[in-house]
$ cat target-v7.tsv   # TSV, N, CA and C atoms
chain	number	residue	atom	x	y	z
S	41	MET	N	40.71	-93.48	22.24
S	41	MET	CA	41.79	-92.98	23.01
S	41	MET	C	42.20	-94.01	24.05
S	42	SER	N	43.44	-94.04	24.19
S	42	SER	CA	43.94	-95.03	25.13
S	42	SER	C	44.01	-94.44	26.53
S	43	LYS	N	44.22	-95.31	27.45
S	43	LYS	CA	44.30	-94.91	28.85
S	43	LYS	C	45.50	-94.00	29.06
S	44	GLN	N	46.60	-94.26	28.39
S	44	GLN	CA	47.81	-93.45	28.54
S	44	GLN	C	47.59	-92.04	28.01
S	45	GLU	N	46.90	-91.95	26.89
S	45	GLU	CA	46.65	-90.62	26.32
S	45	GLU	C	45.74	-89.83	27.26
S	46	THR	N	44.75	-90.49	27.84
S	46	THR	CA	43.84	-89.81	28.77
S	46	THR	C	44.61	-89.38	30.01
S	47	ASP	N	45.48	-90.27	30.53
S	47	ASP	CA	46.27	-89.92	31.71
S	47	ASP	C	47.21	-88.77	31.39
S	48	ALA	N	47.82	-88.80	30.22
S	48	ALA	CA	48.73	-87.73	29.82
S	48	ALA	C	47.97	-86.42	29.70
S	49	ARG	N	46.77	-86.53	29.13
S	49	ARG	CA	45.95	-85.34	28.95
S	49	ARG	C	45.53	-84.80	30.33
S	50	ASP	N	45.10	-85.67	31.23
S	50	ASP	CA	44.72	-85.25	32.59
S	50	ASP	C	45.92	-84.66	33.32
S	51	GLU	N	47.07	-85.26	33.13
S	51	GLU	CA	48.29	-84.79	33.78
S	51	GLU	C	48.64	-83.41	33.27
S	52	THR	N	48.52	-83.20	31.97
S	52	THR	CA	48.80	-81.90	31.38
S	52	THR	C	47.82	-80.87	31.90
S	53	THR	N	46.57	-81.23	31.95
S	53	THR	CA	45.55	-80.32	32.45
S	53	THR	C	45.82	-80.01	33.91
S	54	GLY	N	46.19	-80.98	34.72
S	54	GLY	CA	46.52	-80.77	36.13
S	54	GLY	C	47.71	-79.85	36.29
S	55	LYS	N	48.73	-80.12	35.45
S	55	LYS	CA	49.92	-79.26	35.51
S	55	LYS	C	49.58	-77.84	35.06
S	56	ASP	N	48.74	-77.75	34.03
S	56	ASP	CA	48.32	-76.43	33.56
S	56	ASP	C	47.55	-75.69	34.65
S	57	LEU	N	46.67	-76.41	35.35
S	57	LEU	CA	45.90	-75.79	36.43
S	57	LEU	C	46.82	-75.35	37.56
S	58	GLU	N	47.76	-76.20	37.90
S	58	GLU	CA	48.71	-75.85	38.96
S	58	GLU	C	49.51	-74.62	38.55
S	59	SER	N	49.92	-74.62	37.32
S	59	SER	CA	50.69	-73.49	36.78
S	59	SER	C	49.85	-72.23	36.81
S	60	SER	N	48.60	-72.34	36.41
S	60	SER	CA	47.69	-71.19	36.42
S	60	SER	C	47.46	-70.71	37.84
S	61	ASP	N	47.22	-71.67	38.76
S	61	ASP	CA	47.01	-71.32	40.16
S	61	ASP	C	48.24	-70.62	40.73
S	62	ALA	N	49.41	-71.13	40.41
S	62	ALA	CA	50.65	-70.51	40.90
S	62	ALA	C	50.79	-69.10	40.33
S	63	ALA	N	50.46	-68.95	39.04
S	63	ALA	CA	50.55	-67.63	38.41
S	63	ALA	C	49.57	-66.66	39.07
S	64	ILE	N	48.35	-67.14	39.35
S	64	ILE	CA	47.34	-66.30	40.00
S	64	ILE	C	47.82	-65.91	41.40
S	65	ASN	N	48.33	-66.89	42.14
S	65	ASN	CA	48.85	-66.60	43.49
S	65	ASN	C	49.98	-65.58	43.42
S	66	ASN	N	50.88	-65.80	42.46
S	66	ASN	CA	51.99	-64.85	42.30
S	66	ASN	C	51.48	-63.47	41.91
S	67	TRP	N	50.49	-63.44	41.03
S	67	TRP	CA	49.92	-62.16	40.60
S	67	TRP	C	49.25	-61.46	41.77
S	68	GLU	N	48.51	-62.23	42.59
S	68	GLU	CA	47.87	-61.65	43.77
S	68	GLU	C	48.91	-61.11	44.75
S	69	ALA	N	49.98	-61.89	44.95
S	69	ALA	CA	51.05	-61.45	45.84
S	69	ALA	C	51.70	-60.18	45.28
S	70	LEU	N	51.91	-60.16	43.96
S	70	LEU	CA	52.48	-58.97	43.33
S	70	LEU	C	51.54	-57.78	43.48
S	71	GLY	N	50.25	-58.03	43.31
S	71	GLY	CA	49.24	-56.97	43.48
S	71	GLY	C	49.27	-56.40	44.89
S	72	ARG	N	49.33	-57.29	45.90
S	72	ARG	CA	49.41	-56.84	47.28
S	72	ARG	C	50.68	-56.03	47.51
S	73	PHE	N	51.79	-56.55	46.97
S	73	PHE	CA	53.07	-55.85	47.10
S	73	PHE	C	53.00	-54.46	46.46
S	74	LEU	N	52.45	-54.40	45.25
S	74	LEU	CA	52.36	-53.11	44.55
S	74	LEU	C	51.42	-52.16	45.28
S	75	TYR	N	50.32	-52.67	45.82
S	75	TYR	CA	49.38	-51.83	46.56
S	75	TYR	C	50.05	-51.28	47.82
S	76	ARG	N	50.72	-52.16	48.55
S	76	ARG	CA	51.43	-51.72	49.76
S	76	ARG	C	52.53	-50.72	49.40
S	77	SER	N	53.23	-51.00	48.33
S	77	SER	CA	54.28	-50.08	47.87
S	77	SER	C	53.69	-48.72	47.55
S	78	ARG	N	52.52	-48.73	46.89
S	78	ARG	CA	51.85	-47.47	46.54
S	78	ARG	C	51.45	-46.71	47.80
S	79	VAL	N	50.93	-47.41	48.78
S	79	VAL	CA	50.54	-46.77	50.05
S	79	VAL	C	51.77	-46.20	50.74
S	80	ILE	N	52.83	-46.97	50.80
S	80	ILE	CA	54.06	-46.52	51.45
S	80	ILE	C	54.65	-45.31	50.73
S	81	ILE	N	54.68	-45.37	49.40
S	81	ILE	CA	55.19	-44.24	48.61
S	81	ILE	C	54.33	-43.00	48.85
S	82	GLY	N	53.01	-43.18	48.95
S	82	GLY	CA	52.12	-42.06	49.25
S	82	GLY	C	52.43	-41.45	50.61
S	83	GLU	N	52.66	-42.31	51.61
S	83	GLU	CA	52.98	-41.81	52.95
S	83	GLU	C	54.35	-41.13	52.96
S	84	ILE	N	55.31	-41.69	52.24
S	84	ILE	CA	56.63	-41.07	52.14
S	84	ILE	C	56.51	-39.70	51.47
S	85	SER	N	55.69	-39.63	50.44
S	85	SER	CA	55.48	-38.36	49.74
S	85	SER	C	54.88	-37.32	50.69
S	86	LYS	N	53.89	-37.74	51.49
S	86	LYS	CA	53.30	-36.83	52.47
S	86	LYS	C	54.35	-36.37	53.48
S	87	ALA	N	55.16	-37.31	53.95
S	87	ALA	CA	56.20	-36.99	54.94
S	87	ALA	C	57.23	-36.03	54.34
S	88	GLU	N	57.61	-36.27	53.09
S	88	GLU	CA	58.57	-35.38	52.44
S	88	GLU	C	57.99	-33.98	52.29
S	89	ARG	N	56.72	-33.89	51.92
S	89	ARG	CA	56.06	-32.58	51.78
S	89	ARG	C	56.00	-31.88	53.13
S	90	TYR	N	55.65	-32.64	54.16
S	90	TYR	CA	55.60	-32.09	55.51
S	90	TYR	C	56.97	-31.59	55.93
S	91	CYS	N	58.00	-32.37	55.66
S	91	CYS	CA	59.38	-31.99	55.98
S	91	CYS	C	59.77	-30.73	55.21
S	92	HIS	N	59.42	-30.67	53.94
S	92	HIS	CA	59.71	-29.50	53.10
S	92	HIS	C	59.01	-28.26	53.67
S	93	ASP	N	57.74	-28.42	54.03
S	93	ASP	CA	56.99	-27.30	54.60
S	93	ASP	C	57.59	-26.84	55.93
S	94	LEU	N	58.03	-27.80	56.74
S	94	LEU	CA	58.68	-27.45	58.01
S	94	LEU	C	59.97	-26.67	57.77
S	95	LYS	N	60.75	-27.12	56.79
S	95	LYS	CA	62.00	-26.41	56.47
S	95	LYS	C	61.71	-24.99	56.01
S	96	GLU	N	60.67	-24.82	55.19
S	96	GLU	CA	60.30	-23.48	54.74
S	96	GLU	C	59.84	-22.63	55.92
S	97	SER	N	59.08	-23.22	56.82
S	97	SER	CA	58.61	-22.49	58.00
S	97	SER	C	59.78	-22.07	58.87
S	98	ILE	N	60.72	-22.97	59.06
S	98	ILE	CA	61.91	-22.66	59.86
S	98	ILE	C	62.70	-21.53	59.22
S	99	ALA	N	62.90	-21.60	57.91
S	99	ALA	CA	63.63	-20.55	57.21
S	99	ALA	C	62.90	-19.21	57.34
S	100	HIS	N	61.57	-19.25	57.22
S	100	HIS	CA	60.78	-18.02	57.36
S	100	HIS	C	60.92	-17.45	58.78
S	101	LEU	N	60.82	-18.34	59.79
S	101	LEU	CA	60.95	-17.88	61.18
S	101	LEU	C	62.35	-17.35	61.46
S	102	GLU	N	63.37	-17.98	60.88
S	102	GLU	CA	64.74	-17.48	61.05
S	102	GLU	C	64.90	-16.11	60.42
S	103	ALA	N	64.30	-15.91	59.25
S	103	ALA	CA	64.35	-14.59	58.60
S	103	ALA	C	63.63	-13.55	59.45
S	104	GLN	N	62.47	-13.92	59.99
S	104	GLN	CA	61.74	-13.00	60.86
S	104	GLN	C	62.55	-12.68	62.10
S	105	SER	N	63.17	-13.69	62.65
S	105	SER	CA	64.00	-13.50	63.85
S	105	SER	C	65.15	-12.55	63.56
S	106	ALA	N	65.79	-12.71	62.40
S	106	ALA	CA	66.88	-11.82	62.03
S	106	ALA	C	66.36	-10.39	61.85
S	107	ASP	N	65.19	-10.25	61.22
S	107	ASP	CA	64.60	-8.92	61.05
S	107	ASP	C	64.30	-8.29	62.41
S	108	GLN	N	63.74	-9.08	63.31
S	108	GLN	CA	63.42	-8.57	64.63
S	108	GLN	C	64.67	-8.21	65.41
S	109	ALA	N	65.72	-9.00	65.24
S	109	ALA	CA	66.99	-8.69	65.92
S	109	ALA	C	67.56	-7.37	65.40
S	110	ARG	N	67.47	-7.17	64.08
S	110	ARG	CA	67.94	-5.89	63.52
S	110	ARG	C	67.09	-4.73	64.02
S	111	ALA	N	65.78	-4.93	64.06
S	111	ALA	CA	64.88	-3.88	64.55
S	111	ALA	C	65.17	-3.59	66.02
S	112	PHE	N	65.42	-4.63	66.80
S	112	PHE	CA	65.75	-4.45	68.22
S	112	PHE	C	67.04	-3.66	68.37
S	113	GLU	N	68.06	-4.03	67.61
S	113	GLU	CA	69.33	-3.31	67.69
S	113	GLU	C	69.16	-1.85	67.28
S	114	HIS	N	68.35	-1.60	66.26
S	114	HIS	CA	68.09	-0.24	65.82
S	114	HIS	C	67.38	0.54	66.93
S	115	ALA	N	66.35	-0.06	67.51
S	115	ALA	CA	65.61	0.60	68.59
S	115	ALA	C	66.50	0.82	69.80
S	116	LYS	N	67.36	-0.14	70.08
S	116	LYS	CA	68.30	-0.01	71.19
S	116	LYS	C	69.25	1.16	70.96
S	117	GLY	N	69.73	1.29	69.72
S	117	GLY	CA	70.60	2.42	69.37
S	117	GLY	C	69.87	3.75	69.52
S	118	GLU	N	68.63	3.80	69.08
S	118	GLU	CA	67.84	5.03	69.22
S	118	GLU	C	67.59	5.35	70.69
S	119	LEU	N	67.30	4.33	71.50
S	119	LEU	CA	67.09	4.53	72.93
S	119	LEU	C	68.36	5.09	73.57
S	120	GLU	N	69.51	4.53	73.22
S	120	GLU	CA	70.77	5.03	73.77
S	120	GLU	C	71.00	6.49	73.38
S	121	GLU	N	70.65	6.84	72.14
S	121	GLU	CA	70.79	8.22	71.68
S	121	GLU	C	69.87	9.15	72.46
S	122	VAL	N	68.62	8.71	72.66
S	122	VAL	CA	67.66	9.53	73.41
S	122	VAL	C	68.12	9.66	74.87
S	123	GLN	N	68.63	8.59	75.44
S	123	GLN	CA	69.13	8.67	76.82
S	123	GLN	C	70.33	9.61	76.92
S	124	ARG	N	71.21	9.57	75.93
S	124	ARG	CA	72.36	10.48	75.93
S	124	ARG	C	71.88	11.92	75.83
S	125	GLU	N	70.90	12.16	74.92
S	125	GLU	CA	70.35	13.51	74.79
S	125	GLU	C	69.67	13.95	76.08
S	126	GLU	N	69.00	13.02	76.76
S	126	GLU	CA	68.36	13.35	78.04
S	126	GLU	C	69.39	13.79	79.06
S	127	VAL	N	70.50	13.07	79.14
S	127	VAL	CA	71.57	13.43	80.08
S	127	VAL	C	72.10	14.82	79.75
S	128	GLU	N	72.35	15.08	78.47
S	128	GLU	CA	72.84	16.39	78.06
S	128	GLU	C	71.83	17.48	78.41
S	129	THR	N	70.55	17.21	78.18
S	129	THR	CA	69.50	18.18	78.47
S	129	THR	C	69.41	18.43	79.98
S	130	ARG	N	69.51	17.38	80.78
S	130	ARG	CA	69.48	17.56	82.24
S	130	ARG	C	70.69	18.37	82.70
S	131	GLN	N	71.86	18.11	82.10
S	131	GLN	CA	73.05	18.88	82.46
S	131	GLN	C	72.87	20.35	82.08
S	132	ARG	N	72.32	20.57	80.90
S	132	ARG	CA	72.09	21.94	80.45
S	132	ARG	C	71.06	22.63	81.35
S	133	LEU	N	70.00	21.89	81.73
S	133	LEU	CA	68.99	22.43	82.63
S	133	LEU	C	69.62	22.78	83.99
S	134	ALA	N	70.48	21.91	84.49
S	134	ALA	CA	71.14	22.17	85.76
S	134	ALA	C	72.01	23.42	85.65
S	135	THR	N	72.71	23.55	84.53
S	135	THR	CA	73.55	24.74	84.31
S	135	THR	C	72.69	26.00	84.26
S	136	LEU	N	71.59	25.94	83.50
S	136	LEU	CA	70.70	27.10	83.39
S	136	LEU	C	70.05	27.43	84.73
S	137	THR	N	69.69	26.40	85.50
S	137	THR	CA	69.11	26.64	86.84
S	137	THR	C	70.13	27.34	87.73
S	138	ALA	N	71.37	26.88	87.68
S	138	ALA	CA	72.43	27.51	88.49
S	138	ALA	C	72.66	28.95	88.04
S	139	GLU	N	72.66	29.19	86.74
S	139	GLU	CA	72.84	30.55	86.22
S	139	GLU	C	71.66	31.44	86.64
S	140	THR	N	70.45	30.88	86.56
S	140	THR	CA	69.26	31.63	86.97
S	140	THR	C	69.34	31.99	88.45
S	141	GLU	N	69.76	31.04	89.27
S	141	GLU	CA	69.90	31.31	90.71
S	141	GLU	C	70.94	32.39	90.96
S	142	ALA	N	72.03	32.33	90.21
S	142	ALA	CA	73.09	33.36	90.37
S	142	ALA	C	72.54	34.73	89.96
S	143	LYS	N	71.80	34.78	88.85
S	143	LYS	CA	71.22	36.05	88.39
S	143	LYS	C	70.19	36.56	89.41
S	144	ARG	N	69.42	35.66	90.00
S	144	ARG	CA	68.44	36.07	90.99
S	144	ARG	C	69.13	36.71	92.20
S	145	ARG	N	70.23	36.07	92.66
S	145	ARG	CA	70.97	36.64	93.79
S	145	ARG	C	71.56	38.00	93.42
S	146	GLU	N	72.09	38.08	92.19
S	146	GLU	CA	72.65	39.35	91.73
S	146	GLU	C	71.56	40.43	91.68
S	147	LEU	N	70.38	40.05	91.20
S	147	LEU	CA	69.25	40.99	91.15
S	147	LEU	C	68.84	41.43	92.55
S	148	GLU	N	68.86	40.49	93.50
S	148	GLU	CA	68.55	40.85	94.89
S	148	GLU	C	69.55	41.86	95.43
S	149	VAL	N	70.83	41.66	95.13
S	149	VAL	CA	71.87	42.59	95.58
S	149	VAL	C	71.61	43.96	94.97
S	150	TYR	N	71.35	44.00	93.63
S	150	TYR	CA	71.08	45.29	92.97
S	150	TYR	C	69.82	45.94	93.56
S	151	SER	N	68.82	45.14	93.81
S	151	SER	CA	67.57	45.65	94.36
S	151	SER	C	67.79	46.24	95.75
S	152	ALA	N	68.58	45.53	96.54
S	152	ALA	CA	68.91	46.03	97.89
S	152	ALA	C	69.70	47.33	97.79
S	153	ALA	N	70.62	47.39	96.83
S	153	ALA	CA	71.42	48.61	96.64
S	153	ALA	C	70.56	49.77	96.21
S	154	ILE	N	69.59	49.50	95.29
S	154	ILE	CA	68.68	50.56	94.81
S	154	ILE	C	67.79	51.03	95.98
S	155	ASP	N	67.33	50.07	96.79
S	155	ASP	CA	66.51	50.45	97.95
S	155	ASP	C	67.31	51.33	98.90
S	156	LYS	N	68.57	51.00	99.10
S	156	LYS	CA	69.46	51.79	99.99
S	156	LYS	C	69.63	53.20	99.44
S	157	ILE	N	69.86	53.29	98.12
S	157	ILE	CA	70.08	54.57	97.49
S	157	ILE	C	68.80	55.41	97.58
S	158	THR	N	67.67	54.82	97.30
S	158	THR	CA	66.42	55.59	97.31
S	158	THR	C	66.05	56.01	98.73
S	159	LYS	N	66.38	55.22	99.73
S	159	LYS	CA	66.11	55.59	101.12
S	159	LYS	C	67.03	56.73	101.54
S	160	ALA	N	68.26	56.67	101.07
S	160	ALA	CA	69.24	57.69	101.43
S	160	ALA	C	68.86	59.01	100.76
S	161	ALA	N	68.32	58.97	99.57
S	161	ALA	CA	67.95	60.17	98.85
S	161	ALA	C	66.67	60.76	99.41
S	162	ALA	N	65.89	60.02	100.07
S	162	ALA	CA	64.62	60.53	100.55
S	162	ALA	C	64.73	61.16	101.87

$ encode --input "target-v7.tsv" --output "structure tokens"
Amino acid sequence: MSKQETDARDETTGKDLESSDAAINNWEALGRFLYRSRVIIGEISKAERYCHDLKESIAHLEAQSADQARAFEHAKGELEEVQREEVETRQRLATLTAETEAKRRELEVYSAAIDKITKAAA
């Protein structure tokens, strides 16, 4: 073998090694990129799930709030009805008390008249 063939062979081997080293470096860089991408995608997935869960929680709380608002309005309506009935009952009680007082006075008058009559007859 001549010196030129040996140099050409060494040069080819050197170029092949450089090429292999570059490919390995590129592969390692790609591996790091893919690993980081996988980690980032995993974190994004967690964040999306968390966001989805928060949206569901908010929707659930809004539904509960609407239910509670309806229940409050219903209870408020019932309270107003009971208060109205209380006012009517108090008015009726006042009327009955006044009627009772009038009947009591009338009974006193009749009683006094009966006492007068019985004293006069005796």

$ axis_aligned_box --input "target-v7.tsv" --around "stretch 85-91 of chain S" --padding-each-side "6 Å" --output "AutoDock Vina command-line options"
--center_x 56.5 --center_y -35.2 --center_z 52.9 --size_x 18.5 --size_y 20.9 --size_z 18.2

$ atom_distance --input "target-v7.tsv" --atom1 "atom N of S:Glu68" --atom2 "atom C of S:Asp56"
15.7 Å

$ atom_distance --input "target-v7.tsv" --atom1 "atom CA of S:Lys116" --atom2 "atom C of S:Gln104"
16.6 Å

$ atom_distance --input "target-v7.tsv" --atom1 "atom C of S:Ser105" --atom2 "atom C of S:Glu118"
19.4 Å

$ decode --input "target-v7.tsv" --residues "stretch 64-157 of chain S" --atoms "C-alpha atoms" --output "mmCIF file, in the first residue's frame"
data_model
loop_
_atom_site.group_PDB
_atom_site.id
_atom_site.type_symbol
_atom_site.label_atom_id
_atom_site.label_comp_id
_atom_site.auth_asym_id
_atom_site.auth_seq_id
_atom_site.Cartn_x
_atom_site.Cartn_y
_atom_site.Cartn_z
ATOM 1 C CA ILE S 64 -24.247 10.827 18.058
ATOM 2 C CA ASN S 65 -24.214 14.449 19.229
ATOM 3 C CA ASN S 66 -27.270 15.184 17.117
ATOM 4 C CA TRP S 67 -28.989 12.054 18.421
ATOM 5 C CA GLU S 68 -28.188 13.041 22.020
ATOM 6 C CA ALA S 69 -29.494 16.555 21.377
ATOM 7 C CA LEU S 70 -32.622 15.061 19.808
ATOM 8 C CA GLY S 71 -33.001 12.737 22.797
ATOM 9 C CA ARG S 72 -32.739 15.671 25.217
ATOM 10 C CA PHE S 73 -35.222 17.634 23.119
ATOM 11 C CA LEU S 74 -37.663 14.716 23.012
ATOM 12 C CA TYR S 75 -37.295 14.090 26.757
ATOM 13 C CA ARG S 76 -37.894 17.763 27.556
ATOM 14 C CA SER S 77 -40.816 17.802 25.135
ATOM 15 C CA ARG S 78 -42.260 14.740 26.879
ATOM 16 C CA VAL S 79 -41.903 16.412 30.287
ATOM 17 C CA ILE S 80 -43.482 19.632 29.015
ATOM 18 C CA ILE S 81 -46.343 17.745 27.347
ATOM 19 C CA GLY S 82 -46.897 15.854 30.619
ATOM 20 C CA GLU S 83 -47.051 19.125 32.562
ATOM 21 C CA ILE S 84 -49.385 20.652 29.964
ATOM 22 C CA SER S 85 -51.591 17.580 30.234
ATOM 23 C CA LYS S 86 -51.706 17.950 34.025
ATOM 24 C CA ALA S 87 -52.515 21.657 33.693
ATOM 25 C CA GLU S 88 -55.271 20.945 31.167
ATOM 26 C CA ARG S 89 -56.772 18.299 33.475
ATOM 27 C CA TYR S 90 -56.571 20.710 36.396
ATOM 28 C CA CYS S 91 -58.234 23.423 34.293
ATOM 29 C CA HIS S 92 -60.948 20.963 33.203
ATOM 30 C CA ASP S 93 -61.560 19.934 36.814
ATOM 31 C CA LEU S 94 -61.755 23.588 37.871
ATOM 32 C CA LYS S 95 -64.294 24.305 35.133
ATOM 33 C CA GLU S 96 -66.389 21.339 36.277
ATOM 34 C CA SER S 97 -66.161 22.523 39.882
ATOM 35 C CA ILE S 98 -67.207 26.033 38.889
ATOM 36 C CA ALA S 99 -70.156 24.689 36.890
ATOM 37 C CA HIS S 100 -71.167 22.503 39.842
ATOM 38 C CA LEU S 101 -70.917 25.449 42.260
ATOM 39 C CA GLU S 102 -72.923 27.655 39.891
ATOM 40 C CA ALA S 103 -75.628 24.984 39.694
ATOM 41 C CA GLN S 104 -75.666 24.710 43.488
ATOM 42 C CA SER S 105 -75.830 28.479 43.765
ATOM 43 C CA ALA S 106 -78.796 28.582 41.387
ATOM 44 C CA ASP S 107 -80.524 25.825 43.389
ATOM 45 C CA GLN S 108 -79.900 27.700 46.614
ATOM 46 C CA ALA S 109 -81.175 30.940 45.092
ATOM 47 C CA ARG S 110 -84.378 29.166 44.026
ATOM 48 C CA ALA S 111 -84.740 27.608 47.481
ATOM 49 C CA PHE S 112 -84.163 31.027 49.075
ATOM 50 C CA GLU S 113 -86.790 32.649 46.860
ATOM 51 C CA HIS S 114 -89.230 29.840 47.678
ATOM 52 C CA ALA S 115 -88.576 30.190 51.418
ATOM 53 C CA LYS S 116 -88.883 33.957 51.124
ATOM 54 C CA GLY S 117 -92.269 33.545 49.410
ATOM 55 C CA GLU S 118 -93.425 31.165 52.143
ATOM 56 C CA LEU S 119 -92.225 33.579 54.834
ATOM 57 C CA GLU S 120 -94.151 36.426 53.196
ATOM 58 C CA GLU S 121 -97.265 34.219 53.092
ATOM 59 C CA VAL S 122 -96.880 33.291 56.768
ATOM 60 C CA GLN S 123 -96.340 36.942 57.689
ATOM 61 C CA ARG S 124 -99.458 37.938 55.735
ATOM 62 C CA GLU S 125 -101.437 35.201 57.506
ATOM 63 C CA GLU S 126 -100.055 36.419 60.848
ATOM 64 C CA VAL S 127 -101.263 39.956 60.124
ATOM 65 C CA GLU S 128 -104.702 38.638 59.171
ATOM 66 C CA THR S 129 -104.815 36.484 62.313
ATOM 67 C CA ARG S 130 -103.803 39.433 64.521
ATOM 68 C CA GLN S 131 -106.497 41.569 62.880
ATOM 69 C CA ARG S 132 -109.063 38.831 63.415
ATOM 70 C CA LEU S 133 -107.909 38.430 67.033
ATOM 71 C CA ALA S 134 -108.232 42.182 67.570
ATOM 72 C CA THR S 135 -111.738 42.085 66.092
ATOM 73 C CA LEU S 136 -112.724 39.122 68.280
ATOM 74 C CA THR S 137 -111.226 40.802 71.361
ATOM 75 C CA ALA S 138 -113.241 43.951 70.629
ATOM 76 C CA GLU S 139 -116.402 41.885 70.100
ATOM 77 C CA THR S 140 -115.735 39.984 73.333
ATOM 78 C CA GLU S 141 -115.283 43.257 75.229
ATOM 79 C CA ALA S 142 -118.530 44.588 73.753
ATOM 80 C CA LYS S 143 -120.369 41.383 74.752
ATOM 81 C CA ARG S 144 -118.884 41.584 78.250
ATOM 82 C CA ARG S 145 -120.153 45.162 78.650
ATOM 83 C CA GLU S 146 -123.542 44.117 77.306
ATOM 84 C CA LEU S 147 -123.610 41.212 79.782
ATOM 85 C CA GLU S 148 -122.743 43.615 82.611
ATOM 86 C CA VAL S 149 -125.648 45.866 81.595
ATOM 87 C CA TYR S 150 -128.034 42.859 81.485
ATOM 88 C CA SER S 151 -126.674 41.626 84.814
ATOM 89 C CA ALA S 152 -127.176 45.037 86.386
ATOM 90 C CA ALA S 153 -130.716 45.157 84.974
ATOM 91 C CA ILE S 154 -131.495 41.664 86.338
ATOM 92 C CA ASP S 155 -130.090 42.678 89.732
ATOM 93 C CA LYS S 156 -132.323 45.791 89.683
ATOM 94 C CA ILE S 157 -135.372 43.744 88.768
#
